[in-house]
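Source file upload28.cif; content: mmCIF, C-alpha atoms and all ligand atoms.
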data_model
#
loop_
_atom_site.label_atom_id
_atom_site.label_comp_id
_atom_site.auth_asym_id
_atom_site.auth_seq_id
_atom_site.Cartn_x
_atom_site.Cartn_y
_atom_site.Cartn_z
CA MET A 1 318.14 122.36 147.18
CA LYS A 2 316.46 121.37 143.97
CA ASP A 3 318.46 122.01 140.88
CA ALA A 4 316.58 123.93 138.22
CA SER A 5 317.67 121.79 135.28
CA GLU A 6 317.16 118.53 137.17
CA SER A 7 313.60 119.51 138.14
CA GLY A 8 312.79 120.37 134.54
CA CYS A 9 312.05 123.95 135.53
CA GLU A 10 314.26 126.50 133.83
CA ARG A 11 313.46 129.49 135.98
CA CYS A 12 312.29 128.25 139.37
CA VAL A 13 312.71 131.58 141.06
CA VAL A 14 310.22 133.63 143.02
CA ALA A 15 310.97 137.29 143.83
CA ILE A 16 309.38 138.65 146.99
CA ASP A 17 309.75 142.34 147.84
CA GLY A 18 308.10 144.57 150.37
CA PRO A 19 308.62 147.02 153.23
CA VAL A 20 309.97 146.19 156.65
CA ALA A 21 307.85 143.68 158.62
CA SER A 22 305.54 142.97 155.71
CA GLY A 23 306.15 139.25 156.25
CA LYS A 24 308.50 138.70 153.29
CA THR A 25 310.94 136.43 155.07
CA VAL A 26 308.42 134.34 156.95
CA VAL A 27 306.24 133.87 153.87
CA GLY A 28 309.34 133.22 151.74
CA GLU A 29 310.62 130.66 154.20
CA ALA A 30 307.27 128.85 154.30
CA LEU A 31 307.19 128.69 150.49
CA ALA A 32 310.78 127.45 150.37
CA ARG A 33 309.83 124.65 152.76
CA ARG A 34 306.74 123.71 150.82
CA PHE A 35 308.65 123.53 147.55
CA GLY A 36 311.92 122.11 148.94
CA TRP A 37 313.76 125.19 147.66
CA ARG A 38 316.27 127.56 149.28
CA LEU A 39 315.39 130.92 150.78
CA PHE A 40 317.78 133.70 149.81
CA ASP A 41 317.11 136.68 152.06
CA THR A 42 319.18 139.38 150.36
CA GLY A 43 318.96 141.68 153.39
CA VAL A 44 321.70 139.51 154.96
CA MET A 45 324.13 140.75 152.33
CA TYR A 46 323.65 144.42 153.21
CA ARG A 47 323.85 143.49 156.87
CA ALA A 48 327.09 141.54 156.25
CA ALA A 49 328.55 144.48 154.32
CA THR A 50 327.68 146.76 157.25
CA TRP A 51 329.28 144.35 159.72
CA GLN A 52 332.39 144.20 157.58
CA ALA A 53 332.69 148.01 157.45
CA GLN A 54 332.15 148.30 161.20
CA ARG A 55 334.67 145.63 162.12
CA GLN A 56 337.23 147.28 159.84
CA ALA A 57 336.42 150.58 161.58
CA VAL A 58 335.34 152.29 158.38
CA HIS A 59 332.97 155.22 158.92
CA LEU A 60 329.70 154.38 157.19
CA ASP A 61 329.24 157.93 155.90
CA GLU A 62 332.48 157.66 153.94
CA HIS A 63 330.74 156.05 150.99
CA GLU A 64 333.80 155.77 148.76
CA THR A 65 335.82 154.03 151.48
CA VAL A 66 332.95 151.66 152.30
CA ALA A 67 332.53 150.80 148.63
CA GLU A 68 336.25 150.19 148.23
CA LEU A 69 336.30 147.89 151.26
CA ILE A 70 333.31 145.93 149.99
CA ARG A 71 334.84 145.65 146.52
CA GLY A 72 337.93 144.07 148.07
CA SER A 73 335.98 141.67 150.33
CA THR A 74 334.66 138.24 149.44
CA PHE A 75 331.07 137.29 150.18
CA GLN A 76 330.05 133.66 150.11
CA LEU A 77 326.56 132.27 150.59
CA VAL A 78 326.52 128.85 152.18
CA PRO A 79 323.50 126.64 153.00
CA CYS A 80 322.78 126.86 156.72
CA PRO A 81 324.09 123.63 158.33
CA ASP A 82 320.84 123.29 160.32
CA GLN A 83 318.93 120.61 158.41
CA ASP A 84 315.60 122.29 159.18
CA SER A 85 316.65 125.61 157.73
CA THR A 86 316.18 126.64 154.12
CA ARG A 87 318.36 129.72 154.61
CA LEU A 88 321.78 130.74 153.40
CA ASP A 89 324.48 131.86 155.81
CA VAL A 90 326.86 134.58 154.70
CA TYR A 91 330.63 134.46 155.07
CA VAL A 92 332.77 137.57 154.67
CA ASP A 93 336.44 136.95 153.90
CA GLY A 94 335.92 133.39 155.15
CA VAL A 95 334.29 134.38 158.48
CA ASP A 96 330.66 133.50 159.22
CA ALA A 97 328.93 136.86 159.65
CA THR A 98 325.52 135.30 160.38
CA PRO A 99 325.68 135.52 164.21
CA HIS A 100 326.35 139.27 163.99
CA LEU A 101 323.71 140.34 161.51
CA ARG A 102 321.01 141.29 164.05
CA GLU A 103 323.33 143.19 166.40
CA SER A 104 322.10 146.70 167.15
CA ALA A 105 325.10 148.41 165.53
CA VAL A 106 324.40 146.53 162.29
CA GLU A 107 320.67 147.20 162.60
CA SER A 108 321.19 150.94 162.82
CA GLY A 109 324.00 151.15 160.24
CA VAL A 110 322.55 148.99 157.47
CA PRO A 111 320.22 151.58 155.86
CA THR A 112 323.25 153.84 155.27
CA VAL A 113 325.25 151.06 153.62
CA ALA A 114 322.25 149.83 151.60
CA ALA A 115 321.86 153.33 150.16
CA ILE A 116 325.38 153.39 148.63
CA ALA A 117 324.88 152.81 144.91
CA GLU A 118 328.26 151.16 144.36
CA VAL A 119 327.73 148.73 147.23
CA ARG A 120 324.33 147.87 145.76
CA ALA A 121 325.86 147.19 142.34
CA LEU A 122 328.37 144.75 143.90
CA MET A 123 325.66 143.03 145.96
CA VAL A 124 323.29 142.74 143.00
CA GLU A 125 325.98 140.99 140.98
CA ILE A 126 326.49 138.38 143.72
CA GLN A 127 322.74 137.97 144.17
CA GLN A 128 322.19 137.36 140.47
CA ARG A 129 324.94 134.74 140.44
CA GLU A 130 323.51 133.04 143.52
CA ALA A 131 319.93 133.04 142.21
CA ALA A 132 321.09 131.17 139.12
CA GLN A 133 322.29 128.26 141.29
CA GLY A 134 318.97 126.46 141.73
CA CYS A 135 315.32 126.73 142.72
CA MET A 136 315.02 129.67 145.08
CA ILE A 137 312.77 132.16 146.83
CA VAL A 138 314.62 135.48 146.73
CA VAL A 139 313.50 138.11 149.23
CA GLY A 140 314.43 141.80 149.40
CA ARG A 141 313.47 145.33 148.33
CA ASP A 142 314.58 145.44 144.69
CA ILE A 143 314.45 141.82 143.57
CA GLY A 144 311.60 142.17 141.07
CA THR A 145 312.80 145.54 139.79
CA VAL A 146 316.62 145.29 139.68
CA VAL A 147 318.07 141.93 140.73
CA LEU A 148 315.78 139.56 138.84
CA PRO A 149 313.63 141.67 136.49
CA ASP A 150 312.86 138.51 134.47
CA ALA A 151 311.70 136.40 137.42
CA PRO A 152 308.61 134.40 136.41
CA VAL A 153 306.89 135.22 139.71
CA LYS A 154 307.07 138.52 141.56
CA ILE A 155 305.15 139.15 144.73
CA PHE A 156 305.06 142.52 146.50
CA LEU A 157 303.93 142.11 150.09
CA GLU A 158 302.24 145.05 151.76
CA ALA A 159 300.61 145.68 155.12
CA SER A 160 299.54 148.88 156.83
CA GLU A 161 302.11 150.67 159.00
CA GLU A 162 300.05 149.95 162.10
CA VAL A 163 299.80 146.23 161.39
CA ARG A 164 303.51 145.97 160.67
CA ALA A 165 304.41 147.86 163.83
CA ARG A 166 302.10 145.58 165.83
CA ARG A 167 303.76 142.49 164.36
CA ARG A 168 307.24 143.87 165.08
CA ALA A 169 306.30 144.68 168.68
CA ALA A 170 304.78 141.20 169.16
CA GLU A 171 307.99 139.60 167.87
CA GLN A 172 309.78 141.33 170.73
CA ASN A 173 307.40 139.80 173.27
CA GLY A 174 305.99 143.08 174.50
CA GLY A 175 309.46 144.37 175.42
CA VAL A 176 308.81 147.55 173.41
CA ASP A 177 305.83 149.84 173.09
CA GLU A 178 303.90 149.78 169.85
CA GLU A 179 303.99 153.55 169.36
CA SER A 180 307.80 153.71 169.26
CA VAL A 181 307.90 150.71 166.90
CA LEU A 182 305.44 152.55 164.66
CA VAL A 183 307.71 155.61 164.57
CA ALA A 184 310.73 153.41 163.75
CA THR A 185 308.76 151.58 161.05
CA ARG A 186 307.78 154.90 159.41
CA ARG A 187 311.39 156.05 159.50
CA ARG A 188 312.67 152.84 157.91
CA ASP A 189 309.92 152.93 155.28
CA ALA A 190 310.82 156.49 154.35
CA ARG A 191 314.50 155.53 153.97
CA ASP A 192 313.71 152.47 151.84
CA ARG A 193 311.17 154.22 149.63
CA ASN A 194 312.92 157.56 149.18
CA ARG A 195 316.54 156.56 148.71
CA HIS A 196 318.11 157.47 145.41
CA ALA A 197 319.62 154.02 144.64
CA SER A 198 316.95 151.36 143.95
CA PRO A 199 314.13 152.72 146.09
CA LEU A 200 311.58 150.23 147.33
CA VAL A 201 308.84 150.05 144.71
CA ALA A 202 306.67 147.24 143.34
CA ALA A 203 307.68 145.99 139.89
CA SER A 204 305.00 146.78 137.31
CA ASP A 205 304.44 143.06 136.77
CA ALA A 206 304.39 142.11 140.47
CA VAL A 207 301.30 140.80 142.22
CA THR A 208 300.69 142.98 145.28
CA LEU A 209 299.45 141.05 148.28
CA ASP A 210 298.18 143.15 151.16
CA THR A 211 298.38 141.00 154.27
CA SER A 212 296.94 143.59 156.71
CA ASP A 213 293.76 141.58 157.24
CA LEU A 214 295.20 138.12 156.63
CA THR A 215 296.58 135.55 159.04
CA LEU A 216 300.09 134.30 158.36
CA GLN A 217 298.64 131.00 157.14
CA GLU A 218 296.31 132.79 154.73
CA SER A 219 299.19 134.92 153.42
CA ILE A 220 301.30 131.82 152.79
CA ASP A 221 298.45 129.96 151.09
CA ILE A 222 297.68 132.89 148.77
CA ALA A 223 301.37 133.37 147.96
CA GLU A 224 301.61 129.67 147.10
CA GLN A 225 298.58 129.99 144.87
CA ILE A 226 300.19 132.95 143.06
CA VAL A 227 303.35 130.89 142.45
CA ARG A 228 301.40 127.89 141.20
CA GLU A 229 299.37 130.05 138.82
CA ARG A 230 302.55 131.40 137.27
CA ILE A 231 304.56 128.18 137.27
CA PRO A 232 301.65 125.86 136.46
CA ASN A 233 303.75 122.72 136.05
CA LEU A 234 304.98 122.81 139.64
CA SER A 235 304.22 119.54 141.43
CA ALA A 236 303.06 119.37 145.08
CA SER A 237 306.68 119.01 146.17
CA GLY A 238 307.90 121.94 144.13
CA ASP A 239 309.39 120.01 141.23
CA ALA A 240 308.39 121.34 137.87
CA VAL A 241 306.65 118.48 136.09
CA PRO A 242 307.63 118.37 132.42
CA PRO A 243 304.58 118.67 130.15
CA ALA A 244 303.14 115.32 128.98
CA ARG A 245 304.28 114.35 125.51
CA GLY A 246 302.13 113.28 122.57
O1 LIG A 301 315.25 142.97 155.16
P1 LIG A 301 316.32 143.45 156.12
O2 LIG A 301 315.78 144.24 157.29
O3 LIG A 301 317.24 142.37 156.57
O4 LIG A 301 317.20 144.46 155.26
C1 LIG A 301 318.31 145.10 155.82
C2 LIG A 301 318.55 146.42 155.08
O5 LIG A 301 318.95 146.17 153.75
C3 LIG A 301 317.36 147.37 155.01
O6 LIG A 301 317.86 148.68 155.22
C4 LIG A 301 316.86 147.24 153.61
C5 LIG A 301 318.10 146.84 152.84
N1 LIG A 301 317.84 145.95 151.71
C6 LIG A 301 317.90 146.50 150.45
O7 LIG A 301 318.10 147.71 150.32
N2 LIG A 301 317.75 145.70 149.37
C7 LIG A 301 317.54 144.39 149.52
N3 LIG A 301 317.40 143.63 148.40
C8 LIG A 301 317.46 143.81 150.79
C9 LIG A 301 317.61 144.63 151.89
#
Reformat the file's structure so that it appears as structure tokens.
Ligand code: DC
Amino acid sequence: MKDASESGCERCVVAIDGPVASGKTVVGEALARRFGWRLFDTGVMYRAATWQAQRQAVHLDEHETVAELIRGSTFQLVPCPDQDSTRLDVYVDGVDATPHLRESAVESGVPTVAAIAEVRALMVEIQQREAAQGCMIVVGRDIGTVVLPDAPVKIFLEASEEVRARRRAAEQNGGVDEESVLVATRRRDARDRNRHASPLVAASDAVTLDTSDLTLQESIDIAEQIVRERIPNLSASGDAVPPARG
């Protein structure tokens, strides 16, 4: 990963927020590759916290107990050993949680854990520390509003419910019907947007990019353009080129 000071860029960080299946992670990953940066998908932290609570047999509705468990657990973000990956793996108390993060129990439990204000406060602290480590694309729901309110680039990805449900269904190779994915997407949207702690909302200084009518390639290209407009001294490889002297 490029180091911010070594690249001459003080704040090489891009915040990408948006609802479920808006393309945040795939666009973020493509940008990270283009720039030679890391992708920090903060959703993995809430998933890891959920996994930790479930494996310790803590009931997710017991918010105080969940928060206490998370406060006493250690979360480490480690570059994925796969050379082709820009992602960070997450270790909880020294155990790699990454293989468990998409399990159905985690999938269904994570909105409950992500809505616990105290858990969010602990996660945000870790995320802020991590984002200061180097050049990074940080993806989530509250990055531009809460985690990195001073990020030089904030992108809020949007797409219609129908388009997002269609994408989700396609990802599952037709194994699910689009109508039920649409219902699930609406439910998850409502939980993300209406929760009391850090609801999903675009930061006032974010650029909203609606990808409903865009191909993935077009979305990536436009996102790259947005980054380059806001960090104008970024070279083709993602290094910030120091301004010419004299
Ligand atoms: O993006 P994802 O599906 O991996 O996110 C998992 C859950 O965590 C989802 O309920 C939204 C929540 N989340 C959040 O509240 N804040 C973030 N910064 C990232 C994810």
How big is the axis-aligned box around the listed atoms of ligand LIG 301 (chain A) once 8 Å is added on each side, and where is its centre? Give both in Å to one decimal, as AutoDock Vina command-line options.
--center_x 317.1 --center_y 145.5 --center_z 152.8 --size_x 19.7 --size_y 22.3 --size_z 24.9
Chain A residues near ligand LIG 301 (chain A) within 6 Å, closest pair each, using all atoms listed in the file, as JSON lines:
{"residue": "A:Thr42", "atom": "CA", "partner": "A:LIG301", "partner_atom": "C8", "distance": 4.8}
{"residue": "A:Gly43", "atom": "CA", "partner": "A:LIG301", "partner_atom": "C9", "distance": 3.6}
{"residue": "A:Val44", "atom": "CA", "partner": "A:LIG301", "partner_atom": "O3", "distance": 5.5}
{"residue": "A:Tyr46", "atom": "CA", "partner": "A:LIG301", "partner_atom": "O5", "distance": 5.0}
{"residue": "A:Arg47", "atom": "CA", "partner": "A:LIG301", "partner_atom": "C1", "distance": 5.9}
{"residue": "A:Val110", "atom": "CA", "partner": "A:LIG301", "partner_atom": "O6", "distance": 5.2}
{"residue": "A:Pro111", "atom": "CA", "partner": "A:LIG301", "partner_atom": "O6", "distance": 3.8}
{"residue": "A:Ala114", "atom": "CA", "partner": "A:LIG301", "partner_atom": "O7", "distance": 4.8}
{"residue": "A:Gly140", "atom": "CA", "partner": "A:LIG301", "partner_atom": "N3", "distance": 3.6}
{"residue": "A:Arg141", "atom": "CA", "partner": "A:LIG301", "partner_atom": "N3", "distance": 4.3}
{"residue": "A:Asp142", "atom": "CA", "partner": "A:LIG301", "partner_atom": "N3", "distance": 5.0}
{"residue": "A:Ile143", "atom": "CA", "partner": "A:LIG301", "partner_atom": "N3", "distance": 5.9}
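Non-sequential neighbours of Ser85 in chain A (distance at most 9 Å, separation of 2 or more positions within a chain, only C-alpha atoms) are Glu29, Arg33, Arg38, Leu39, Pro79, Cys80, Pro81, Asp82, Gln83, Arg87 and Leu88 of chain A.
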Query raised in the report: Using all atoms listed in the file, which of the listed residues (A:Glu125, A:Asp213, A:Gln54, A:Ala206) sits closest to Leu101 in chain A?
Result: A:Gln54
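Nearest residue to Leu157 in chain A among A:Gly134, A:Gly23, A:Gly94, A:Gly72 is A:Gly23, counting only C-alpha atoms.
Rounded to one decimal, CA of Ala132 in chain A and CA of Ile231 in chain A lie 16.9 Å from each other.
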